[in-house]
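As structure tokens, the structure follows; a few thoughts come after it.
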Amino acid sequence: MSQNADQTLEDFDAVIIGAGIAGLYLLHRLRNLGCSVCILEAGSDVGGTWYWNRYPGARFDSESYSYGYAFSQELLDEWNWSEHFSGQPETLRYLQHVAEKFDLRRDIAFNTRVSSAHYDDLRRDWVVKDEHGGARRARFMITAIGGLSDPYIPDITGYASFSGMSWHTARWPHEPVDLSEKRVAVIGAGATAVQLITEISKNIGHLTVFQRTANYCKPLRNGPIDAETQARIHAAYPDIFKKCRESFGAFMHEFDPRSAFDVDDEERQAIYEKLWSEPGFAFWFSNFNDIMRDRAANETVAEFVRAKIRERVNDPKVAALLTPTDHAFGTKRVPLESGYFEAYNRENVVLVDLRATPIKEITATGITTSDASYAFDVIILATGFDAATGAHNRIDIRGENGFSLKDKWSSAPQTLLGMQSVGFPNMFIVGGGPQNAASFCNVPRCLEQNVEWVSDTIRYMREHNLTRIAATPEAEAAWAEHVDETVSETLIPETDSWFMGANIPGKKRGFLLYAGGLPTFRQKCDEVAAQGYVGFNLD
Ligand code: NAP
């Protein structure tokens, strides 16, 4: 690093915001290019998602060995995952190990939440400020802040008056929490709540779950990895990563090329049973290729899952409430579970249907719905995130001529390749923004692609003495068209979810992800680079 012309700010080639999976790898790559880099991180340690989401039950939904970094053979060789789907403490330890191994911590400022990032038109660089008044300059400003990192706290009347303990799942306390004699409320029934409820219901005073929408949950089928399997996994790494590279969602699963109606009812049922018995997302991503596009095909899967739920819940009324009927399978993220439905067979676990009896207010002692009042010691909000745009909007990001990213994205979150946005030169977004394959993906595999593309772009610019890269409006509009095309073929837009920005009141409804799959996304990015960064102005 060096001092800049006005001798006041530290000057870097790149400032990265966020020390999660993407930020750590990017720091490593940019350092190897000879860049001066620093990461600004709001948390007190590395880990990103796995630092913040430390609620009981938090764990991978991806096979552990498909989730770790692929860039270092030494790292692959020395790290043994203990379970097929690793829990949060192990994943956090893994990322801490990566930070030590590659000596990353010396370039990370922890407890440093970024408040603003402004582009300086004259100098062609960014001034990035944090909440403590610190400021840095950098040629490139790169957000690696995660697509699901801005917790959504619903505006429920009286929440501030609650006298017990309350927190969002993504702000779970770092010290142990004993719920064994507590009356606990969980609001929400998404992927987070499903993991949390399963775990805390095992040792709790009393649990009341406030559910608005039931979900199609699929058994995770986790287990420890024995020594023999461990050896097989290590030998198979090249195949595992090849499979992930070539599959739609970068998982070790590939869609069945057949339609659900290419087979008769009996064979279809047998296929569903087989997929159901497999671990992870096989039931979703190895299913018939038309289940995400054809309502009738989707309904065959949906009905299969509904029957499974009914089999597992003792009380038929509770089973009916836990059975989704209002949206198509896979149009919301499918939660993976390990005993979720059985939790509702416990005497001390109660389900409240918020569609029938909405919450009216939170009081000092608990929650009042339209037909009852419940007393609680603890209220847990498993209410999700302001996805893709939320975490960016919390930072005052201003590009050319003081143009605000928040203002731009309030009408439509437009980007080029999900990695740049017109009006914001020399700013890159890795993974966490809209229209990027990384949010609908086995995340690290897509982040890896993003990080490599961005660092290769910076290398290209350095090699060609270029100081400014800016997406063109034409290319951005064409990308929006392509993103829309990929999703309009699916059933996803029919359902309200965070995929559509529909979980946040007042947020403009629109698809926030990329539904073309990683191989197509990678191909598009590579074509842009191979053609001298067509769609970008470089000078
Ligand atoms: P989510 O899927 O958005 O679920 C939020 C839940 O809160 C929903 O049940 C929602 O109900 C409910 N809710 C929101 N506002 C409410 C209100 N005002 N009153 C009552 N209920 C309300 O969020 P999430 O469960 O945190 O999951 C978010 C994403 O994180 C997942 O889709 C997944 O991508 C990721 N995740 C990954 C893993 C993993 O990989 N292992 C684990 C957990 C989460 P409605 O459905 O009716 O809106």
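Identifiers in the structure tokens: chain A, B, ... in order shown; residue index from 1 per chain; ligand index from 1 in order shown.
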What does the list of residues within 7 Å of ligand 1 look like if you count only C-alpha atoms and all ligand atoms, written as a PyMOL selection string? chain A and resi 58-62+148+154-156+187-193+210-213+333+354+382-385+497-498+503
Expected file contents, prior selection, N, CA, C and O atoms, as a compact mmCIF listing (two decimals), in the first residue's frame:
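See result-v3.txt below for the written result:
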# COMPACT_ATOMS: atom_id res chain seq x y z
N ALA A 58 -27.60 -25.18 11.90
CA ALA A 58 -27.10 -24.62 10.63
C ALA A 58 -26.08 -25.57 10.02
O ALA A 58 -25.11 -25.95 10.68
N ARG A 59 -26.30 -25.95 8.79
CA ARG A 59 -25.35 -26.85 8.13
C ARG A 59 -25.51 -26.76 6.62
O ARG A 59 -26.47 -26.19 6.11
N PHE A 60 -24.54 -27.36 5.91
CA PHE A 60 -24.57 -27.40 4.44
C PHE A 60 -25.81 -28.11 3.94
O PHE A 60 -26.25 -29.09 4.53
N ASP A 61 -26.28 -27.67 2.78
CA ASP A 61 -27.23 -28.44 2.00
C ASP A 61 -26.52 -29.01 0.77
O ASP A 61 -27.11 -29.68 -0.06
N SER A 62 -25.24 -28.69 0.63
CA SER A 62 -24.40 -29.22 -0.46
C SER A 62 -23.50 -30.29 0.15
O SER A 62 -23.10 -30.17 1.31
N LEU A 148 -27.39 -13.12 0.77
CA LEU A 148 -28.34 -13.35 1.86
C LEU A 148 -27.68 -12.94 3.17
O LEU A 148 -27.39 -13.76 4.04
N PRO A 154 -39.26 -8.15 10.26
CA PRO A 154 -40.57 -7.63 9.86
C PRO A 154 -41.03 -6.52 10.80
O PRO A 154 -40.68 -6.51 11.99
N ASP A 155 -41.79 -5.62 10.24
CA ASP A 155 -42.27 -4.48 11.01
C ASP A 155 -43.54 -4.89 11.77
O ASP A 155 -44.65 -4.57 11.35
N ILE A 156 -43.37 -5.60 12.87
CA ILE A 156 -44.54 -6.07 13.64
C ILE A 156 -44.77 -5.11 14.80
O ILE A 156 -43.83 -4.81 15.56
N ILE A 187 -40.67 -17.41 14.45
CA ILE A 187 -41.50 -16.87 13.37
C ILE A 187 -40.79 -17.19 12.06
O ILE A 187 -39.63 -16.81 11.86
N GLY A 188 -41.48 -17.92 11.17
CA GLY A 188 -40.90 -18.30 9.88
C GLY A 188 -40.81 -19.81 9.74
O GLY A 188 -40.78 -20.54 10.74
N ALA A 189 -40.83 -20.26 8.49
CA ALA A 189 -40.79 -21.71 8.21
C ALA A 189 -40.01 -21.98 6.93
O ALA A 189 -40.32 -22.91 6.20
N GLY A 190 -38.98 -21.15 6.66
CA GLY A 190 -38.13 -21.37 5.49
C GLY A 190 -36.99 -22.33 5.81
O GLY A 190 -37.00 -23.01 6.85
N ALA A 191 -35.97 -22.35 4.94
CA ALA A 191 -34.87 -23.31 5.09
C ALA A 191 -34.16 -23.14 6.43
O ALA A 191 -33.74 -24.12 7.06
N THR A 192 -34.02 -21.90 6.89
CA THR A 192 -33.36 -21.65 8.18
C THR A 192 -34.20 -22.20 9.32
O THR A 192 -33.71 -22.93 10.18
N ALA A 193 -35.50 -21.84 9.34
CA ALA A 193 -36.38 -22.29 10.41
C ALA A 193 -36.44 -23.81 10.47
O ALA A 193 -36.46 -24.40 11.55
N PHE A 210 -44.67 -20.07 14.33
CA PHE A 210 -45.64 -19.23 13.62
C PHE A 210 -45.32 -19.33 12.13
O PHE A 210 -44.33 -18.77 11.66
N GLN A 211 -46.17 -20.07 11.42
CA GLN A 211 -45.92 -20.34 10.00
C GLN A 211 -46.93 -19.63 9.11
O GLN A 211 -48.13 -19.69 9.35
N ARG A 212 -46.40 -18.98 8.05
CA ARG A 212 -47.30 -18.38 7.06
C ARG A 212 -47.45 -19.33 5.88
O ARG A 212 -48.55 -19.65 5.48
N THR A 213 -46.32 -19.81 5.35
CA THR A 213 -46.37 -20.67 4.17
C THR A 213 -45.61 -21.98 4.44
O THR A 213 -44.46 -21.94 4.88
N ARG A 333 -36.94 -22.05 -2.47
CA ARG A 333 -35.80 -22.92 -2.12
C ARG A 333 -36.33 -24.12 -1.33
O ARG A 333 -37.07 -23.96 -0.35
N LEU A 354 -50.47 -18.72 10.47
CA LEU A 354 -50.65 -17.26 10.38
C LEU A 354 -51.59 -16.85 9.26
O LEU A 354 -52.05 -15.71 9.23
N ALA A 382 -36.95 -16.08 12.22
CA ALA A 382 -36.32 -16.84 11.10
C ALA A 382 -36.98 -16.33 9.83
O ALA A 382 -37.51 -17.08 9.03
N THR A 383 -36.93 -15.00 9.68
CA THR A 383 -37.75 -14.32 8.68
C THR A 383 -36.98 -13.95 7.41
O THR A 383 -37.47 -13.17 6.59
N GLY A 384 -35.80 -14.51 7.25
CA GLY A 384 -35.11 -14.39 5.96
C GLY A 384 -34.33 -13.10 5.78
O GLY A 384 -33.97 -12.41 6.74
N PHE A 385 -34.11 -12.75 4.52
CA PHE A 385 -33.15 -11.69 4.16
C PHE A 385 -33.70 -10.82 3.04
O PHE A 385 -34.48 -11.28 2.21
N SER A 497 -41.43 -15.20 -3.42
CA SER A 497 -40.33 -15.68 -2.58
C SER A 497 -39.21 -14.66 -2.67
O SER A 497 -39.30 -13.69 -3.43
N TRP A 498 -38.12 -14.92 -1.96
CA TRP A 498 -36.98 -13.99 -2.06
C TRP A 498 -36.35 -14.06 -3.44
O TRP A 498 -35.70 -13.11 -3.87
N ASN A 503 -40.41 -11.13 -0.84
CA ASN A 503 -40.52 -11.36 0.62
C ASN A 503 -40.38 -10.07 1.42
O ASN A 503 -40.60 -10.07 2.62
Distance table requested - segment 127-246 of chain A against segment 308-314 of chain A, cut-off 10 Å, only C-alpha atoms: one row per qualifying residue with the closest atom pair and its distance in Å to one decimal, ordered by chain and rising residue number, as a Markdown table.
| residue | atom | partner | partner_atom | distance |
| --- | --- | --- | --- | --- |
| A:Tyr216 | CA | A:Ile309 | CA | 8.6 |
| A:Cys217 | CA | A:Ile309 | CA | 8.4 |
| A:Lys218 | CA | A:Lys308 | CA | 9.2 |
Spatial neighbours of Gly87 of chain A, max dist 9 Å, only C-alpha atoms, sep filter under 2 positions, as a VMD selection string: chain A and resid 57 to 60 83 85 89 to 92
Keeping only C-alpha atoms, take the residues you just selected and write them out as a PDB file, in the first residue's frame.
ATOM      1  CA  GLY A  57     -28.813 -26.852  13.208  1.00  0.00           C
ATOM      2  CA  ALA A  58     -27.099 -24.615  10.627  1.00  0.00           C
ATOM      3  CA  ARG A  59     -25.348 -26.845   8.129  1.00  0.00           C
ATOM      4  CA  PHE A  60     -24.567 -27.399   4.444  1.00  0.00           C
ATOM      5  CA  GLU A  83     -19.835 -35.373   7.726  1.00  0.00           C
ATOM      6  CA  PHE A  85     -23.170 -32.304   5.018  1.00  0.00           C
ATOM      7  CA  PRO A  89     -18.937 -24.952  13.429  1.00  0.00           C
ATOM      8  CA  GLU A  90     -16.874 -27.196  11.145  1.00  0.00           C
ATOM      9  CA  THR A  91     -17.364 -24.918   8.136  1.00  0.00           C
ATOM     10  CA  LEU A  92     -16.287 -21.899  10.148  1.00  0.00           C
TER      11      LEU A  92
END
Near-Val352 of chain A list (12 Å; only C-alpha atoms; drop same-chain fewer than 5 positions) as an NGL selection string: :A and (185-189 or 207-214 or 317-318 or 321-322 or 344 or 357-359 or 367-374)
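Among the candidates A:Pro425, A:Asp226, A:Gly433, A:Ile240, the residue lying nearest to Arg123 of chain A is A:Pro425 (atoms considered: only C-alpha atoms).
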For segment 233-237 of chain A, find every residue with an atom within 12 Å (counting only C-alpha atoms), except residues of its own chain fewer than 4 positions away, and show them as number ranges by chain. A: 63-84, 225-229, 241-244, 252
What would the file look like if the residues just selected were written as a short mmCIF file (atom, residue, chain, number, x, y, z; two decimals), in the first residue's frame with N, CA and C atoms?
data_model
loop_
_atom_site.label_atom_id
_atom_site.label_comp_id
_atom_site.auth_asym_id
_atom_site.auth_seq_id
_atom_site.Cartn_x
_atom_site.Cartn_y
_atom_site.Cartn_z
N GLU A 63 -23.13 -31.29 -0.63
CA GLU A 63 -22.19 -32.28 -0.14
C GLU A 63 -20.91 -31.52 0.26
N SER A 64 -20.40 -31.80 1.46
CA SER A 64 -19.25 -31.04 1.99
C SER A 64 -18.11 -30.97 0.98
N TYR A 65 -17.81 -32.12 0.37
CA TYR A 65 -16.65 -32.22 -0.53
C TYR A 65 -16.90 -31.52 -1.86
N SER A 66 -18.13 -31.08 -2.12
CA SER A 66 -18.37 -30.28 -3.33
C SER A 66 -18.38 -28.79 -2.98
N TYR A 67 -18.21 -28.49 -1.69
CA TYR A 67 -18.40 -27.11 -1.22
C TYR A 67 -17.07 -26.38 -0.98
N GLY A 68 -16.03 -27.14 -0.57
CA GLY A 68 -14.75 -26.49 -0.24
C GLY A 68 -14.09 -25.87 -1.47
N TYR A 69 -13.05 -25.08 -1.23
CA TYR A 69 -12.30 -24.47 -2.34
C TYR A 69 -11.63 -25.56 -3.17
N ALA A 70 -11.61 -25.35 -4.48
CA ALA A 70 -10.97 -26.33 -5.38
C ALA A 70 -9.59 -25.86 -5.83
N PHE A 71 -9.19 -24.64 -5.47
CA PHE A 71 -8.00 -24.06 -6.13
C PHE A 71 -6.67 -24.60 -5.61
N SER A 72 -6.67 -25.23 -4.44
CA SER A 72 -5.40 -25.66 -3.87
C SER A 72 -5.42 -27.16 -3.59
N GLN A 73 -4.57 -27.90 -4.30
CA GLN A 73 -4.51 -29.35 -4.08
C GLN A 73 -4.06 -29.66 -2.66
N GLU A 74 -3.14 -28.83 -2.15
CA GLU A 74 -2.64 -29.05 -0.79
C GLU A 74 -3.78 -28.91 0.23
N LEU A 75 -4.61 -27.90 0.02
CA LEU A 75 -5.75 -27.70 0.92
C LEU A 75 -6.72 -28.88 0.83
N LEU A 76 -6.98 -29.33 -0.38
CA LEU A 76 -7.87 -30.48 -0.56
C LEU A 76 -7.29 -31.71 0.14
N ASP A 77 -5.99 -31.89 0.00
CA ASP A 77 -5.35 -33.08 0.57
C ASP A 77 -5.39 -33.07 2.10
N GLU A 78 -5.23 -31.90 2.68
CA GLU A 78 -5.07 -31.89 4.14
C GLU A 78 -6.38 -31.76 4.92
N TRP A 79 -7.47 -31.41 4.21
CA TRP A 79 -8.72 -31.19 4.96
C TRP A 79 -9.66 -32.39 4.82
N ASN A 80 -10.10 -32.95 5.95
CA ASN A 80 -11.07 -34.04 5.93
C ASN A 80 -12.39 -33.56 6.52
N TRP A 81 -13.42 -33.53 5.71
CA TRP A 81 -14.75 -33.20 6.24
C TRP A 81 -15.23 -34.38 7.09
N SER A 82 -15.86 -34.08 8.23
CA SER A 82 -16.26 -35.20 9.10
C SER A 82 -17.65 -35.74 8.75
N GLU A 83 -18.48 -34.92 8.08
CA GLU A 83 -19.84 -35.37 7.73
C GLU A 83 -20.10 -35.08 6.24
N HIS A 84 -21.04 -35.82 5.68
CA HIS A 84 -21.38 -35.60 4.27
C HIS A 84 -21.93 -34.18 4.07
N ILE A 225 -18.51 -39.40 7.76
CA ILE A 225 -17.70 -39.96 6.67
C ILE A 225 -16.66 -40.90 7.30
N ASP A 226 -16.74 -42.18 6.95
CA ASP A 226 -15.75 -43.11 7.53
C ASP A 226 -14.44 -43.04 6.74
N ALA A 227 -13.42 -43.71 7.25
CA ALA A 227 -12.07 -43.58 6.69
C ALA A 227 -12.02 -44.04 5.23
N GLU A 228 -12.73 -45.13 4.96
CA GLU A 228 -12.69 -45.66 3.59
C GLU A 228 -13.34 -44.67 2.61
N THR A 229 -14.48 -44.14 3.01
CA THR A 229 -15.18 -43.15 2.16
C THR A 229 -14.31 -41.90 1.99
N PHE A 241 -15.35 -32.11 -8.93
CA PHE A 241 -15.37 -30.72 -9.40
C PHE A 241 -15.74 -30.63 -10.88
N LYS A 242 -15.39 -31.67 -11.63
CA LYS A 242 -15.78 -31.68 -13.05
C LYS A 242 -17.31 -31.76 -13.15
N LYS A 243 -17.88 -32.66 -12.33
CA LYS A 243 -19.33 -32.82 -12.32
C LYS A 243 -20.00 -31.48 -11.96
N CYS A 244 -19.48 -30.84 -10.94
CA CYS A 244 -20.06 -29.56 -10.50
C CYS A 244 -19.93 -28.51 -11.61
N MET A 252 -23.54 -31.98 -7.51
CA MET A 252 -23.14 -33.26 -8.10
C MET A 252 -24.38 -33.97 -8.65
#
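Reported to one decimal place, the separation of atom CA of Glu361 of chain A from atom CA of Ser166 of chain A is 14.7 Å.
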So which bits of segment 360-450 of chain A end up strand (DSSP E or B) when you DSSP the backbone, as a ChimeraX atom specification? /A:360-362,366-369,373-375,378-381,385,396-398,404,416,420,427-429
In terms of the shortest atom-to-atom distance over only C-alpha atoms, which of A:Phe12, A:Trp50, A:Phe288, A:Trp409 is closest to Thr300 of chain A? A:Phe288
Proximity of segment 250-365 of chain A to segment 468-490 of chain A: per-residue shortest pair, 8 Å limit, only C-alpha atoms, as a tab-separated table:
residue	atom	partner	partner_atom	distance
A:Met292	CA	A:Thr490	CA	5.5
A:Arg293	CA	A:Thr490	CA	4.3
A:Asp294	CA	A:Thr490	CA	7.7
DSSP helix (DSSP H, G or I) residues within segment 58-230 of chain A, listed as a PyMOL selection string: chain A and resi 64-67+73-78+88-101+105-107+159-161+169-171+191-200+227-230
Selection: 10 Å around Gly134 of chain A, only C-alpha atoms, excl. self and same-chain fewer than 5 positions, as a PyMOL selection string: chain A and resi 9-10+112-115+128-129
Using only C-alpha atoms, the best pick from A:Gly205, A:Gly431, A:Pro505, A:Gly516 as closest to Leu26 of chain A would be A:Gly431
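Straight-line separation from atom CA of Leu275 of chain A to atom CA of Phe521 of chain A: 26.9 Å.
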Give me the residues near Asn215 of chain A as a count of residues only, where near means some atom within 10 Å (using only C-alpha atoms) and where sequence neighbours in that chain fewer than 6 positions away do not count. 19
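You will find atom CA of Val422 of chain A at 19.4 Å from atom CA of Ile16 of chain A.
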Kindly indicate which residue among A:Thr169, A:Thr467, A:Ser180, A:Asn32 lies nearest to Ile153 of chain A, using only C-alpha atoms for the distances. A:Thr169
